[in-house]
Amino acid sequence: MRNSLQGRDLQRAMRIRRKWANKVLYKVGVRIEEEGVIPKGKGLLVGNHRSYLDPIILLRKVDAWPVAKAEIASWPMIGAGAAMAGILYLRREDAGHRAKVLVMIRQTIDSGYPVILFPEGNTCDIPDKTLPFLTGGFRLAAKHGLEVTPIAFFYPNPRDFWVGDVSFLAHAWQSFGRNEIRVKVCYGPTLRDTDGDALLTAAHTWIENKLHQLVSAQKTPA
């Protein structure tokens with residue numbers, strides 16, 4: 001699914017979505033610490049996936065098109081807000097549709113907007129690790145000379161992980177009633193490579209190293 005807005009209308013929709021993202025995150029108690037430089041160019045923004053709040057955290061500052069599983073379109077608050085501007089919905093069980101989404105990713109980046117991709121394909125609850133990364137986005141980036149920026153999402157409290165196929169309402173009942181959800185977002189270096197597998201390895205290594213560093217620091221007494 002792509003938004004039909006173009007030009008100034010799309011830019012206005014992106015501004016409205018940034019305000020929506022900030023409001024949603026504040027209302028549910030998300031408190032964010034950042035490290036590194038927020039990417040400004042076009043390309044792929046790839047991150048480990050801890051919670052379905054992850055893309056909203058990026059959308060509060062970055063005018064990008066996230067790739068999201070199709071089920072999110074029906075979720076209260078999140079589905080409607082994400083669709084305010086650009087979003088690419090993915091039917092994960094459909095191999096043909098996955099190929100179409102890769103084409104849409106390239107078209108979106110060519111039009112001047114970065115794309116947010118979570119290459120694990122699902123959320124993961126291992127604090128200093130990720131699930132194996134899927135190769136498609138990295139091979140696309142390598143083939144077309146696209147930038148890849150790795151991003152590490154770190155939630156100090158494992159209770160804030162939003163994993164598997166837990167519904168929006170179930171997770172909201174579990175997590176959003178607490179005073180705050182803390183998350184640290186670390187932006188990595190811009191990566192380029194003509195080898196998609198090497199690009200994947202570089203992004204994956206940077207993210208896992210950063211997660212390990214943050215988990216180790218959390219365990220070390222002050």
# chains A, B, ... in the order shown; residues from 1 in each chain; ligands from 1
$ residues_around --residues "Gly43 in chain A" --least-positions-apart "4" --cutoff "6 Å" --atoms "only C-alpha atoms" --output "list in words"
Ile109, Pro114, Leu146, Glu147 and Val148 of chain A
$ write_last_selection --atoms "N, CA and C atoms" --output "compact mmCIF listing (two decimals), in the first residue's frame"
# COMPACT_ATOMS: atom_id res chain seq x y z
N ILE A 109 12.81 5.23 -2.54
CA ILE A 109 14.11 5.87 -2.33
C ILE A 109 14.46 6.76 -3.52
N PRO A 114 13.78 8.13 2.47
CA PRO A 114 14.36 6.89 3.01
C PRO A 114 13.27 5.89 3.36
N LEU A 146 22.74 2.03 -2.83
CA LEU A 146 21.97 2.77 -1.83
C LEU A 146 22.70 2.79 -0.48
N GLU A 147 22.52 3.86 0.25
CA GLU A 147 23.07 3.96 1.60
C GLU A 147 22.27 3.07 2.55
N VAL A 148 22.96 2.51 3.53
CA VAL A 148 22.32 1.76 4.61
C VAL A 148 22.81 2.32 5.94
$ residues_around --residues "range 129-134 of chain A" --least-positions-apart "4" --cutoff "6 Å" --atoms "only C-alpha atoms" --output "PyMOL selection string"
chain A and resi 119-120+208
$ residues_around --residues "Arg18 in chain A" --least-positions-apart "2" --cutoff "9 Å" --atoms "only C-alpha atoms" --output "PyMOL selection string"
chain A and resi 13-16+20-23+56+59-63
$ residues_around --residues "range 152-156 of chain A" --least-positions-apart "3" --cutoff "7 Å" --atoms "only C-alpha atoms" --output "list in words"
Gly47, Asn48, Arg50, Asp160, Arg182, Val183, Lys184, Val185, Cys186, Tyr187, Ile207, Lys210 and Leu211 of chain A
$ write_last_selection --atoms "N, CA and C atoms" --output "CSV table (one decimal), in the first residue's frame"
chain,number,residue,atom,x,y,z
A,47,GLY,N,17.1,-1.5,11.4
A,47,GLY,CA,17.2,-1.6,12.8
A,47,GLY,C,16.8,-3.0,13.3
A,48,ASN,N,17.3,-3.3,14.5
A,48,ASN,CA,16.8,-4.5,15.2
A,48,ASN,C,15.4,-4.1,15.7
A,50,ARG,N,12.5,-4.5,18.5
A,50,ARG,CA,12.1,-4.9,19.8
A,50,ARG,C,10.6,-4.7,20.0
A,160,ASP,N,9.1,-4.3,28.3
A,160,ASP,CA,8.7,-3.4,27.2
A,160,ASP,C,8.8,-4.0,25.8
A,182,ARG,N,11.2,3.3,28.7
A,182,ARG,CA,12.4,3.9,28.3
A,182,ARG,C,13.1,3.2,27.1
A,183,VAL,N,13.6,3.9,26.2
A,183,VAL,CA,14.3,3.3,25.0
A,183,VAL,C,15.4,4.2,24.6
A,184,LYS,N,16.5,3.6,24.2
A,184,LYS,CA,17.7,4.3,23.7
A,184,LYS,C,17.8,3.9,22.2
A,185,VAL,N,17.9,5.0,21.4
A,185,VAL,CA,18.1,4.8,20.0
A,185,VAL,C,19.5,5.2,19.5
A,186,CYS,N,20.2,4.3,18.9
A,186,CYS,CA,21.6,4.6,18.5
A,186,CYS,C,21.7,4.6,17.0
A,187,TYR,N,22.1,5.7,16.4
A,187,TYR,CA,22.3,5.7,15.0
A,187,TYR,C,23.7,5.4,14.6
A,207,ILE,N,25.0,-3.4,14.9
A,207,ILE,CA,23.9,-3.4,15.8
A,207,ILE,C,24.1,-4.3,16.9
A,210,LYS,N,26.6,-2.8,19.4
A,210,LYS,CA,26.0,-1.7,20.2
A,210,LYS,C,25.1,-2.3,21.2
A,211,LEU,N,24.3,-3.3,20.9
A,211,LEU,CA,23.4,-3.9,21.9
A,211,LEU,C,24.2,-4.5,23.0
$ residues_around --residues "Ala203 in chain A" --least-positions-apart "5" --cutoff "8 Å" --atoms "only C-alpha atoms" --output "list in words"
Val46, Val148, Thr149, Pro150 and Leu191 of chain A
$ write_last_selection --atoms "C-alpha atoms" --output "PDB file, in the first residue's frame"
ATOM      1  CA  VAL A  46      17.730  -0.767   9.174  1.00  0.00           C
ATOM      2  CA  VAL A 148      22.321   1.758   4.610  1.00  0.00           C
ATOM      3  CA  THR A 149      22.233   3.232   8.113  1.00  0.00           C
ATOM      4  CA  PRO A 150      22.132   0.697  10.988  1.00  0.00           C
ATOM      5  CA  LEU A 191      27.335   1.986   5.009  1.00  0.00           C
TER       6      LEU A 191
END
$ closest_residue --among "A:Gly86, A:Gly36, A:Pro189, A:Gly41" --to "Pro66 in chain A" --atoms "only C-alpha atoms"
A:Gly86
$ closest_residue --among "A:Gly29, A:Gly196, A:Pro158, A:Gly188" --to "Cys124 in chain A" --atoms "only C-alpha atoms"
A:Pro158
$ closest_residue --among "A:Lys40, A:Phe161, A:Arg98, A:Thr108" --to "Asp54 in chain A" --atoms "only C-alpha atoms"
A:Phe161
$ atom_distance --atom1 "CA of Ile32 in chain A" --atom2 "CA of Gly112 in chain A"
26.9 Å
$ residues_around --residues "Arg139 in chain A" --least-positions-apart "6" --cutoff "9 Å" --atoms "only C-alpha atoms" --output "list in words"
Thr194, Asp195, Gly196, Asp197, Leu199 and Leu200 of chain A
$ write_last_selection --atoms "C-alpha atoms" --output "compact mmCIF listing (two decimals), in the first residue's frame"
# COMPACT_ATOMS: atom_id res chain seq x y z
CA THR A 194 28.60 -3.59 -3.78
CA ASP A 195 28.22 -6.93 -1.99
CA GLY A 196 24.82 -7.36 -0.35
CA ASP A 197 25.98 -10.09 2.03
CA LEU A 199 26.53 -5.02 3.67
CA LEU A 200 24.23 -7.21 5.76
$ atom_distance --atom1 "CA of Leu117 in chain A" --atom2 "CA of Val103 in chain A"
13.7 Å
$ atom_distance --atom1 "CA of Trp65 in chain A" --atom2 "CA of Ile151 in chain A"
15.5 Å
